[in-house]
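*Asks:* This is input34.cif (mmCIF, C-alpha atoms).
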```
data_data
loop_
_atom_site.label_atom_id
_atom_site.label_comp_id
_atom_site.auth_asym_id
_atom_site.auth_seq_id
_atom_site.Cartn_x
_atom_site.Cartn_y
_atom_site.Cartn_z
CA MET A 1 -6.48 -5.31 1.71
CA SER A 2 -2.91 -5.56 0.41
CA GLU A 3 -0.06 -7.70 1.62
CA VAL A 4 2.93 -5.75 2.96
CA ALA A 5 5.10 -8.78 3.67
CA ARG A 6 5.04 -12.52 4.23
CA LEU A 7 7.50 -14.09 6.67
CA PRO A 8 7.73 -17.55 8.21
CA GLY A 9 4.84 -17.53 10.68
CA VAL A 10 3.89 -13.87 10.06
CA ASN A 11 1.80 -11.98 7.52
CA VAL A 12 1.60 -8.18 7.48
CA TRP A 13 -1.39 -6.59 5.76
CA ALA A 14 -2.39 -3.01 5.01
CA VAL A 15 -6.17 -2.72 5.32
CA ASP A 16 -8.21 0.27 4.11
CA CYS A 17 -11.92 0.60 4.87
CA CYS A 18 -13.45 3.55 3.01
CA ALA A 19 -17.15 3.29 3.87
CA VAL A 20 -19.35 4.17 6.85
CA HIS A 21 -20.82 1.06 8.50
CA PRO A 22 -22.61 2.11 11.72
CA GLY A 23 -24.01 -1.38 12.36
CA TRP A 24 -22.07 -4.39 13.54
CA SER A 25 -20.56 -6.70 10.95
CA GLY A 26 -21.15 -10.41 10.81
CA VAL A 27 -19.30 -12.64 13.24
CA GLU A 28 -15.64 -13.36 12.44
CA VAL A 29 -13.52 -16.09 14.07
CA ARG A 30 -9.76 -16.22 13.42
CA ASP A 31 -7.20 -18.93 14.19
CA ASP A 32 -4.20 -16.61 14.64
CA HIS A 33 -2.79 -14.11 17.08
CA ARG A 34 -2.82 -10.62 15.61
CA ILE A 35 -1.93 -7.05 16.36
CA VAL A 36 -3.99 -4.41 14.59
CA LEU A 37 -2.59 -0.87 14.58
CA VAL A 38 -4.60 2.03 13.16
CA ARG A 39 -2.87 4.43 10.76
CA GLY A 40 -5.87 6.74 10.34
CA GLY A 41 -9.53 6.94 11.34
CA ARG A 42 -11.12 4.69 13.94
CA PHE A 43 -13.51 1.76 14.35
CA LEU A 44 -15.33 -0.22 17.01
CA ARG A 45 -14.61 -3.83 17.93
CA ARG A 46 -16.84 -6.16 19.95
CA THR A 47 -15.80 -9.45 21.53
CA GLY A 48 -18.50 -11.00 23.68
CA ARG A 49 -19.81 -8.21 25.91
CA HIS A 50 -16.74 -6.02 25.58
CA GLU A 51 -16.74 -3.12 23.13
CA SER A 52 -13.71 -0.93 22.45
CA MET A 53 -12.59 1.75 20.01
CA ALA A 54 -9.40 1.37 17.99
CA ASP A 55 -7.67 4.52 16.73
CA PRO A 56 -4.07 5.66 16.14
CA THR A 57 -3.48 5.71 19.91
CA VAL A 58 -5.05 2.34 20.78
CA ALA A 59 -4.36 -0.94 18.98
CA TYR A 60 -5.82 -4.32 19.83
CA VAL A 61 -4.45 -7.81 20.31
CA GLY A 62 -6.59 -10.65 18.99
CA THR A 63 -6.26 -14.30 19.97
CA PRO A 64 -7.25 -17.57 18.23
CA GLY A 65 -10.90 -18.54 18.55
CA GLU A 66 -12.22 -15.10 19.55
CA VAL A 67 -15.64 -14.13 18.20
CA GLU A 68 -15.32 -10.62 16.78
CA GLN A 69 -17.59 -8.01 15.21
CA PHE A 70 -16.70 -4.58 13.84
CA ALA A 71 -18.46 -1.28 13.15
CA HIS A 72 -17.36 1.97 11.48
CA PRO A 73 -19.78 4.68 12.65
CA ALA A 74 -17.23 7.49 12.18
CA GLY A 75 -16.23 6.63 8.61
CA GLY A 76 -13.37 4.63 7.17
CA ASP A 77 -10.03 3.71 8.63
CA ARG A 78 -6.57 2.62 7.56
CA CYS A 79 -4.83 -0.02 9.63
CA THR A 80 -1.99 -2.51 9.68
CA SER A 81 -2.78 -6.09 10.66
CA ILE A 82 0.10 -8.31 11.80
CA SER A 83 -1.00 -11.94 11.79
CA VAL A 84 1.19 -14.26 13.87
CA ARG A 85 0.87 -18.03 13.95
CA PRO A 86 0.38 -19.37 17.52
CA GLU A 87 3.73 -21.18 17.66
CA LEU A 88 5.68 -18.01 16.82
CA TRP A 89 3.59 -15.96 19.25
CA ARG A 90 4.44 -18.39 22.04
CA ALA A 91 8.12 -18.26 21.10
CA VAL A 92 8.13 -14.45 21.47
CA ALA A 93 5.56 -13.93 24.25
CA GLY A 94 6.26 -17.06 26.31
CA GLU A 95 4.44 -20.36 26.76
CA ARG A 96 2.44 -19.07 29.77
CA TRP A 97 1.23 -15.88 28.12
CA THR A 98 -2.47 -15.12 28.55
CA LEU A 99 -4.38 -12.07 27.36
CA GLY A 100 -5.48 -9.67 30.07
CA ARG A 101 -7.03 -6.78 28.14
CA SER A 102 -7.06 -6.69 24.35
CA ASP A 103 -6.78 -2.88 24.07
CA VAL A 104 -3.15 -1.78 23.90
CA TYR A 105 -2.09 1.84 24.34
CA VAL A 106 0.09 2.94 21.41
CA ASP A 107 2.57 5.45 22.74
CA ALA A 108 4.75 7.56 20.46
CA ARG A 109 7.56 4.98 20.47
CA VAL A 110 5.22 2.26 19.20
CA ASP A 111 3.85 4.71 16.63
CA LEU A 112 7.39 5.30 15.35
CA LEU A 113 8.08 1.55 15.34
CA HIS A 114 4.92 1.02 13.27
CA ARG A 115 5.97 3.63 10.72
CA ARG A 116 9.45 2.14 10.44
CA LEU A 117 7.94 -1.32 9.93
CA LEU A 118 5.93 -0.07 6.95
CA ARG A 119 8.98 1.68 5.52
CA ALA A 120 11.04 -1.50 5.90
CA GLY A 121 8.37 -3.30 3.86
CA ARG A 122 8.65 -0.72 1.09
CA THR A 123 12.45 -1.01 0.90
CA GLY A 124 12.23 -4.73 0.19
CA ASP A 125 14.43 -5.70 3.16
CA VAL A 126 11.73 -8.01 4.47
CA HIS A 127 13.61 -10.86 6.11
CA PHE A 128 15.81 -8.69 8.32
CA ALA A 129 14.71 -5.05 8.67
CA LEU A 130 10.97 -5.72 8.61
CA ALA A 131 11.24 -8.97 10.58
CA GLU A 132 13.12 -7.14 13.33
CA GLN A 133 10.38 -4.50 13.64
CA VAL A 134 7.66 -7.18 13.66
CA VAL A 135 9.31 -9.13 16.47
CA ARG A 136 9.71 -5.96 18.53
CA LEU A 137 6.04 -5.05 18.02
CA VAL A 138 4.87 -8.55 18.95
CA ALA A 139 6.95 -8.50 22.12
CA LEU A 140 5.64 -5.05 23.11
CA ALA A 141 2.01 -5.91 22.37
CA ALA A 142 2.23 -9.21 24.25
CA SER A 143 3.77 -7.50 27.26
CA ARG A 144 1.20 -4.70 27.36
CA GLY A 145 -1.72 -7.01 26.72
CA ARG A 146 -0.67 -9.17 29.64
CA SER A 147 -0.03 -6.26 32.01
CA CYS A 148 -3.35 -4.60 31.15
CA ALA A 149 -5.12 -7.26 33.18
CA HIS A 150 -4.10 -5.38 36.33
CA ARG A 151 -5.59 -2.05 35.31
CA ARG A 152 -8.77 -0.82 36.80
CA GLY A 153 -11.59 -1.16 34.31
CA GLY A 154 -15.34 -0.70 34.58
CA LEU A 155 -17.84 0.59 32.05
CA PRO A 156 -18.18 4.15 33.46
CA ASP A 157 -14.42 4.74 33.39
CA ASP A 158 -14.14 3.14 29.94
CA ALA A 159 -16.93 5.33 28.57
CA VAL A 160 -15.46 8.54 29.97
CA ALA A 161 -11.97 7.68 28.71
CA ALA A 162 -13.27 6.80 25.24
CA ALA A 163 -15.20 10.07 25.02
CA ALA A 164 -12.14 12.05 26.12
CA ARG A 165 -9.95 10.25 23.57
CA ALA A 166 -12.40 11.05 20.78
CA ALA A 167 -12.59 14.71 21.82
CA VAL A 168 -8.80 15.07 21.80
CA LEU A 169 -8.41 13.22 18.51
CA ASP A 170 -11.07 15.38 16.84
CA ASP A 171 -9.93 18.69 18.41
CA GLU A 172 -13.44 19.18 19.72
CA PRO A 173 -14.36 22.36 21.68
CA GLY A 174 -12.96 22.19 25.20
CA ALA A 175 -10.42 19.51 24.33
CA ASP A 176 -7.54 21.90 25.00
CA GLY A 177 -7.91 21.76 28.77
CA LEU A 178 -8.84 19.34 31.58
CA ILE A 179 -11.45 21.60 33.21
CA PRO A 180 -13.47 22.48 30.08
CA LEU A 181 -13.29 18.85 28.93
CA ALA A 182 -14.63 17.67 32.30
CA GLU A 183 -17.45 20.24 32.09
CA ARG A 184 -18.29 18.95 28.62
CA PHE A 185 -18.84 15.43 29.97
CA GLY A 186 -20.53 16.51 33.19
CA VAL A 187 -17.89 15.06 35.52
CA SER A 188 -15.41 16.61 37.90
CA PRO A 189 -11.86 17.25 36.66
CA PHE A 190 -10.60 14.81 39.28
CA ALA A 191 -13.01 12.09 38.12
CA LEU A 192 -12.01 12.58 34.49
CA SER A 193 -8.29 12.54 35.30
CA ARG A 194 -8.62 9.43 37.48
CA ALA A 195 -10.80 7.55 35.00
CA PHE A 196 -8.55 8.32 32.06
CA SER A 197 -5.37 7.26 33.86
CA ALA A 198 -7.04 4.07 35.15
CA VAL A 199 -8.14 2.96 31.68
CA MET A 200 -5.29 4.22 29.51
CA GLY A 201 -2.37 3.86 31.90
CA VAL A 202 -1.20 7.42 31.16
CA SER A 203 -2.40 10.86 32.20
CA LEU A 204 -4.71 12.90 29.99
CA THR A 205 -1.93 15.49 29.65
CA ARG A 206 0.55 12.95 28.35
CA TYR A 207 -2.09 11.49 26.03
CA ARG A 208 -2.81 14.88 24.46
CA ASN A 209 0.91 15.41 23.89
CA ARG A 210 1.20 11.90 22.45
CA VAL A 211 -1.51 12.80 19.88
CA ARG A 212 0.37 15.95 18.94
CA VAL A 213 3.64 14.02 18.63
CA GLY A 214 1.89 11.52 16.34
CA ARG A 215 0.70 14.36 14.13
CA ALA A 216 4.22 15.76 14.06
CA LEU A 217 5.54 12.34 12.99
CA GLU A 218 3.01 12.26 10.15
CA ARG A 219 4.02 15.69 8.90
CA ILE A 220 7.76 15.00 9.24
CA GLU A 221 7.38 11.66 7.45
CA THR A 222 5.64 13.34 4.51
CA GLY A 223 8.49 15.85 4.13
CA ASP A 224 7.40 18.92 6.12
CA ARG A 225 10.56 20.92 6.89
CA ASP A 226 8.98 24.04 8.41
CA LEU A 227 9.34 23.13 12.07
CA ALA A 228 8.25 26.53 13.36
CA GLY A 229 5.08 26.36 11.28
CA LEU A 230 4.50 22.78 12.36
CA ALA A 231 4.79 23.75 16.04
CA ALA A 232 2.26 26.55 15.56
CA ASP A 233 -0.17 24.29 13.69
CA LEU A 234 -0.05 21.69 16.47
CA GLY A 235 -0.64 24.18 19.27
CA PHE A 236 2.83 24.29 20.82
CA SER A 237 4.00 27.60 22.23
CA ASP A 238 7.02 27.56 19.92
CA GLN A 239 9.41 25.26 18.06
CA ALA A 240 11.53 24.67 21.16
CA HIS A 241 8.45 23.54 23.09
CA MET A 242 7.61 21.05 20.32
CA THR A 243 11.19 19.76 20.23
CA ARG A 244 11.23 19.23 24.01
CA THR A 245 7.90 17.37 23.87
CA ILE A 246 8.99 15.13 21.00
CA ARG A 247 12.26 14.35 22.74
CA ALA A 248 10.41 13.51 25.96
CA HIS A 249 8.21 10.99 24.10
CA LEU A 250 10.72 9.56 21.63
CA GLY A 251 14.20 10.49 22.81
CA GLU A 252 14.83 12.05 19.39
CA THR A 253 14.72 15.52 17.84
CA PRO A 254 12.54 16.34 14.81
CA THR A 255 15.68 16.49 12.66
CA ALA A 256 16.76 13.01 13.79
CA LEU A 257 13.26 11.68 13.11
CA ARG A 258 13.42 12.97 9.55
CA THR A 259 16.47 10.74 9.03
CA LEU A 260 14.88 7.72 10.73
CA LEU A 261 11.76 8.00 8.58
CA SER A 262 13.54 8.49 5.29
CA VAL A 263 13.68 5.57 2.87
#
```
Is it possible to express this structure as structure tokens?
*Replies:*
Amino acid sequence: MSEVARLPGVNVWAVDCCAVHPGWSGVEVRDDHRIVLVRGGRFLRRTGRHESMADPTVAYVGTPGEVEQFAHPAGGDRCTSISVRPELWRAVAGERWTLGRSDVYVDARVDLLHRRLLRAGRTGDVHFALAEQVVRLVALAASRGRSCAHRRGGLPDDAVAAAARAAVLDDEPGADGLIPLAERFGVSPFALSRAFSAVMGVSLTRYRNRVRVGRALERIETGDRDLAGLAADLGFSDQAHMTRTIRAHLGETPTALRTLLSV
């Protein structure tokens, strides 16, 4: 664990877990609000009877006093933990804020915000550039955590959605289409589509494109300039198709993103 930045009321940490730990960890109890965003890999989190999977498309919001346990059955992960003291959380989220569902869908805009936060930490402009990104992330996470309370849940839907997420993230056989993916899980295409939208708040189609946009962000951030090759690698029909998809999710072109993600 390494500290990215320390601000009044906020600590930002980069956490890397390199080992496989299929069993649950010991109990942890924290006294802060926190947002944990995954940069790579995935892990399981358990609070009471609720178990969820965190990955680059799903973060979690933790609250003071929660009893947590973690497991890493799929290997290590890299994540960013934003610890917020309760008084600052209330100032941003509101005095009446209560957590509905801890799992928070990370769309492409939040992914980009996360990457820009880490870059702001590396530039040394902590008290303005990084602080601005932190406040925006806290506000978004608080809003989505509160609104999630109105989503339809239920273990069967959660299990189907989690399995579909894992298949898309791992490019498993059949993950390139709704019908073969439904056949893989032994459910109807309608049931899979309904369950996924109910749990995640977005369609399976948009989720798959969000994963591809995240991979494009990663490649662009690391200096990849071959956009045609990038589009082919990510399964787009051509570069124009990739550009349209990225613009639909982020409102920016790949060229503009290269500038936004440069130091």
*Asks:* Just say which residues the PyMOL selection byres ((chain A and resi 19) around 7) picks in this file, as a short mmCIF file (atom, residue, chain, number, x, y, z; two decimals) with C-alpha atoms, in the frame of the given file.
*Replies:*
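Done, and the output landed in out.cif:
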```cif
data_model
loop_
_atom_site.label_atom_id
_atom_site.label_comp_id
_atom_site.auth_asym_id
_atom_site.auth_seq_id
_atom_site.Cartn_x
_atom_site.Cartn_y
_atom_site.Cartn_z
CA CYS A 17 -11.92 0.60 4.87
CA CYS A 18 -13.45 3.55 3.01
CA VAL A 20 -19.35 4.17 6.85
CA HIS A 21 -20.82 1.06 8.50
CA GLY A 75 -16.23 6.63 8.61
CA GLY A 76 -13.37 4.63 7.17
#
```
*Asks:* Expand the PyMOL selection byres ((chain A and resi 86) around 8) into the explicit residue set it covers here, and present it as a VMD selection string.
*Replies:* chain A and resid 32 to 33 64 84 to 85 87 to 90
*Asks:* Quick one: distance from CA of Thr63 (chain A) to CA of Val92 (chain A) in Å, one decimal?
*Replies:* 14.5 Å
*Asks:* Give me the residues near region 231-237 of chain A as a list in words, where near means some atom within 8 Å (using all atoms listed in the file) and where sequence neighbours in that chain fewer than 5 positions away do not count.
*Replies:*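 Residues near the query, excluding close chain neighbours: Arg212, Arg215, Ala216 and Met242 of chain A.
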*Asks:* Which residue is closest to Gly214 (chain A)? Choose from A:Val38, A:Ala163, A:Ala198, A:Leu137 and count all atoms listed in the file.
*Replies:* A:Val38
*Asks:* Restricting the calculation to all atoms listed in the file, which member of A:Phe128, A:Tyr105, A:Phe70, A:Phe190 is positioned closest to Leu37 (chain A)?
*Replies:*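 Counting all atoms listed in the file, the residue closest to Leu37 (chain A) is A:Tyr105.
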*Asks:* Please, what distance in Å, to one decimal, runs between CA of Arg6 (chain A) and CA of Ala91 (chain A)?
*Replies:*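 Interatomic distance, CA of Arg6 (chain A) to CA of Ala91 (chain A): 18.1 Å.
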*Asks:* Could you name the residues that touch region 179-186 of chain A at 12 Å or less, counting only C-alpha atoms, but leaving out those on the same chain fewer than 4 positions away, as an MDAnalysis selection string?
*Replies:* chainID A and resid 156 159:168 171:175 190:196 204:205
*Asks:* Care to translate the PyMOL selection byres ((chain A and resi 13) around 7) into actual residues of this file, as a ChimeraX atom specification?
*Replies:* /A:1-4,11-12,14-15,80-82
*Asks:* Write to file, as a PDB file, in the frame of the given file, the residues of the selection just made, with C-alpha atoms.
*Replies:*
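Result file follows (selection39.pdb):
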```pdb
ATOM      1  CA  MET A   1      -6.480  -5.310   1.710  1.00  0.00           C
ATOM      2  CA  SER A   2      -2.910  -5.560   0.410  1.00  0.00           C
ATOM      3  CA  GLU A   3      -0.060  -7.700   1.620  1.00  0.00           C
ATOM      4  CA  VAL A   4       2.930  -5.750   2.960  1.00  0.00           C
ATOM      5  CA  ASN A  11       1.800 -11.980   7.520  1.00  0.00           C
ATOM      6  CA  VAL A  12       1.600  -8.180   7.480  1.00  0.00           C
ATOM      7  CA  ALA A  14      -2.390  -3.010   5.010  1.00  0.00           C
ATOM      8  CA  VAL A  15      -6.170  -2.720   5.320  1.00  0.00           C
ATOM      9  CA  THR A  80      -1.990  -2.510   9.680  1.00  0.00           C
ATOM     10  CA  SER A  81      -2.780  -6.090  10.660  1.00  0.00           C
ATOM     11  CA  ILE A  82       0.100  -8.310  11.800  1.00  0.00           C
TER      12      ILE A  82
END
```
*Asks:* Compile the contact shell of Glu68 (chain A) as number ranges by chain: residues with an atom at most 8 Å away, counting only C-alpha atoms, same-chain residues fewer than 3 positions apart removed.
*Replies:* A: 27-29, 45-48
*Asks:* Point out the residue among A:Leu99, A:Ala131, A:Leu140, A:Ala74 with the least atom-to-atom distance to Arg116 (chain A), counting all atoms listed in the file.
*Replies:*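 Distance minimum relative to Arg116 (chain A) lands on A:Ala131.
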